Structures are given as C-alpha cells and as structure tokens.
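J.: Below you will find the structure I want to go over with you.
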Amino acid sequence: MTAGFVIEPLGAHDRRGFASGVDALDRYLATQASQDVKRRVSNCFVALDDAGLIAGYYTLAASSVLLTEMPPETAKRLPRYPLVPAALIGRLAVDRRFRRKGLGRALVMDAAVRAGGSDPAIFALLVDAKDDAAITFYRHNGFRSFASKPHCLFLPVATALQALQDDS
Ligand SMILES: CC(C)(COP(=O)(O)OP(=O)(O)OC[C@H]1O[C@@H](n2cnc3c(N)ncnc32)[C@H](O)[C@@H]1OP(=O)(O)O)[C@@H](O)C(=O)NCCC(=O)NCCS
C-alpha cells in the first residue's frame, strides 16, 4: 500500500475507464500492455483506488546506459565497465482524477523498490520524458538529465531508496 493505493502487477484489471488525458498512454494500457508483459519485453504495474479501479500505471523493463553518458561525479564512483545496468520506466501515467495527490511519485518509488529488490543488479532508473512538464515532474522527484539528452533522465536506485526512507 502506497499513498492510499495498492500497487500490483497488471492482471485481469478493467482498463477501459482509465483516462490520463494522454491518448497514447491510455490506449497502450487498454490494448498493448498485457501483450508486452506476455512477451517479456516490459512489465506493467497498476495502482488501484479503494474501489479497485486503475488510478495510475507504469511499465518497467531492463535497460542499460553507457558509463560515458553518466555525469563525471557519478561515473567516478562506478567500475570501468562500459555499460551501467538500469531499469527503464517506459511509460508512466496517472488518471486525471488522481493527479497531484502523490501517486506519480509513489509509482516512481514503487519502481525503485522493485529495481532495488531485483536479482540482476540495477544501478539506476531511466526515463525518456515525453515533454517539458514530464521533465519537470521527474526533476522534481530527484531525476537528473543526461548532458547529451535533456529529455532522458536517471535516478540512482540507492538515491531513491534513501529518499523513501527520509520520507517515512
Ligand atoms: C506526470 C504525472 C505522472 C505526475 O503524476 P501526479 O500523480 O500528478 O504527480 P505527484 O502528485 O506524485 O507529484 C509529485 C511531485 O511532483 C510535482 N509535480 C507533479 N506534476 C508536475 C508537473 N507537471 N510539473 C511540475 N511538478 C510536478 C508535484 O507538485 C509533487 O511535488 P511535491 O512532492 O513537492 O508535492 C501525471 O501528471 C501524468 O500522468 N501526466 C500525463 C502523462 C505523463 O506526462 N507521463 C510522464 C511520462 S513521459
């Protein structure tokens, strides 16, 4: 339970009423998310309100980032392996009725907890923000942009878990 919502893997939930205001994200949940889970290309986690309806969701898949893309102060604390293991939040959306209640942040933190508990080691969460508002949201929640690609952002899992601990 996070921020009054239960967050769990997408199953046989009713997705038709979900309305984030971004058609592509609503359509993805309604028509594509289960297929991606079945094909093992992306997992999907949904936040349920107290009536069991989907209030938000995110997708999570294994990824990596070049060590050379990391800011120098982060890179210098990492071994010289060319790739840094990561988990990509490919999509994130909150139903309009539930915006600005902390659910977006709770979904990001749920991703951090899952990434932190995974058997393959994951150093950071990655996101590819779709617009400036999304960049602002992610920066507000501790993510930093890569110098070469400001719409791509990362958050070390350890930093996210520390923030979660500080919040509690
Ligand atoms: C981006 C989105 C997921 C945020 O969800 P949310 O539940 O409204 O966000 P939260 O309430 O958890 O906000 C967490 C913090 O970010 C801030 N924040 C939220 N949206 C913001 C925005 N657009 N700009 C700036 N700050 C924002 C909140 O003020 C809050 O700050 P606080 O912790 O200091 O109070 C939601 O607006 C959404 O679904 N947007 C459409 C889809 C989208 O853009 N997805 C992003 C993936 S590319």
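Labeling convention for the structure tokens: chains A, B, ... as they appear, residues from 1 per chain, ligands from 1 in order of appearance.
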Please produce, as CSV, a per-residue contact table for chain A versus ligand 1 (criterion: any atom at most 6 Å away, only C-alpha atoms and all ligand atoms considered), showing the nearest atom pair and its distance in Å to one decimal, sorted by chain then residue number.

T.:
residue,atom,partner,partner_atom_place_in_ligand_line,distance
A:Ser20,CA,ligand 1,39 (O),5.5
A:Val22,CA,ligand 1,41 (C),6.0
A:Arg91,CA,ligand 1,47 (C),5.5
A:Leu92,CA,ligand 1,47 (C),4.6
A:Ala93,CA,ligand 1,39 (O),3.4
A:Val94,CA,ligand 1,39 (O),3.8
A:Arg99,CA,ligand 1,8 (O),3.5
A:Arg100,CA,ligand 1,11 (O),3.1
A:Lys101,CA,ligand 1,11 (O),4.2
A:Gly102,CA,ligand 1,12 (O),3.2
A:Leu103,CA,ligand 1,7 (O),4.0
A:Gly104,CA,ligand 1,12 (O),3.5
A:Arg105,CA,ligand 1,12 (O),3.7
A:Ala129,CA,ligand 1,48 (S),4.1
A:Lys130,CA,ligand 1,48 (S),4.3
A:Ala133,CA,ligand 1,23 (N),4.3
A:Ala134,CA,ligand 1,44 (O),4.7
A:Thr136,CA,ligand 1,25 (C),4.8
A:Phe137,CA,ligand 1,27 (C),4.1
A:His140,CA,ligand 1,16 (O),5.5

J.: Can you write out as JSON lines which residues of stretch 15-35 of chain A fall within 12 Å of stretch 59-70 of chain A, alongside each residue's closest atom pair and its distance in Å to one decimal, counting only C-alpha atoms and ordering rows by chain and ascending residue number?

T.:
{"residue": "A:Leu25", "atom": "CA", "partner": "A:Thr59", "partner_atom": "CA", "distance": 10.8}
{"residue": "A:Tyr28", "atom": "CA", "partner": "A:Thr59", "partner_atom": "CA", "distance": 10.4}
{"residue": "A:Leu29", "atom": "CA", "partner": "A:Thr59", "partner_atom": "CA", "distance": 9.6}
{"residue": "A:Gln32", "atom": "CA", "partner": "A:Thr59", "partner_atom": "CA", "distance": 11.3}
{"residue": "A:Ala33", "atom": "CA", "partner": "A:Thr59", "partner_atom": "CA", "distance": 8.2}
{"residue": "A:Ser34", "atom": "CA", "partner": "A:Thr59", "partner_atom": "CA", "distance": 10.7}

J.: When you look at A:Arg27 with a cut-off of 10 Å (counting only C-alpha atoms), what residues show up, excluding the ones that are within fewer than 6 positions of it in the same chain? I need them as a short mmCIF file (atom, residue, chain, number, x, y, z; two decimals) with N, CA and C atoms, in the first residue's frame.

T.:
data_model
loop_
_atom_site.label_atom_id
_atom_site.label_comp_id
_atom_site.auth_asym_id
_atom_site.auth_seq_id
_atom_site.Cartn_x
_atom_site.Cartn_y
_atom_site.Cartn_z
N ARG A 15 -9.45 -1.97 -17.66
CA ARG A 15 -8.63 -0.81 -18.04
C ARG A 15 -9.40 0.23 -18.81
N ARG A 16 -10.64 -0.06 -19.15
CA ARG A 16 -11.32 0.81 -20.13
C ARG A 16 -11.57 2.22 -19.62
N PHE A 18 -9.72 4.04 -17.73
CA PHE A 18 -8.53 4.81 -17.36
C PHE A 18 -8.33 5.98 -18.32
N ALA A 19 -8.20 7.19 -17.77
CA ALA A 19 -8.09 8.39 -18.62
C ALA A 19 -7.05 9.35 -18.04
N ALA A 33 -0.43 -3.29 -23.21
CA ALA A 33 0.39 -3.59 -22.03
C ALA A 33 0.46 -5.09 -21.73
#

J.: As an NGL selection string, please: every residue in stretch 103-150 of chain A that DSSP puts in strand (DSSP E).

T.: :A and (124-128 or 144-146 or 149-150)

J.: Find the distance between atom CA of A:Pro72 and atom CA of A:Asn141 and write it in Å to one decimal.

T.: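 The value is 21.1 Å.
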
J.: Name the closest residue to A:Gly116 among the candidates A:Leu48, A:Val37, A:Leu161, A:Asp95; distances are taken between atoms, counting only C-alpha atoms.

T.: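 Looking at the shortest contact to A:Gly116, the residue is A:Leu161.
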
J.: Do you know which residues are at most 10 Å from A:Asp49 counting only C-alpha atoms, after dropping those on the same chain fewer than 2 positions away, and could you put them as number ranges by chain?

T.: A: 4-7, 46-47, 51-56, 98

J.: Excluding stretch 118-122 of chain A and its own-chain neighbours fewer than 3 positions away, which residues fall within 12 Å of it when counting only C-alpha atoms? Please give them as a PyMOL selection string.

T.: chain A and resi 60-65+83-88+111-115+125-126+154-158

J.: Could you check how far atom CA of A:Val108 sits from atom CA of A:Arg80, in Å to one decimal?

T.: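 Straight-line distance from atom CA of A:Val108 to atom CA of A:Arg80 works out to 27.9 Å.
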
J.: Which residues are near A:Asp128? Cut-off 10 Å, only C-alpha atoms, ignore same chain within fewer than 3 positions. Put them as a list in words.

T.: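 Surrounding residues, per the criterion: Leu88, Ile89, Gly90, Arg91, Asp131, Ala134, Ile135, Tyr138, Ser145, Lys149, Pro150, His151, Cys152, Leu153 and Phe154 of chain A.
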
J.: Run DSSP on the backbone and tell me which residues of chain A come out as alpha helix (DSSP H); list them as a VMD selection string.

T.: chain A and resid 23 to 27 33 to 38 72 to 75 103 to 117 132 to 140 157 to 167

J.: Ranking A:Ala75, A:Leu164, A:Val41, A:Ala30 by minimum distance to A:Ala106 and counting only C-alpha atoms, which one comes first?

T.: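 Going through A:Ala75, A:Leu164, A:Val41, A:Ala30 one by one, the smallest distance to A:Ala106 is for A:Leu164.
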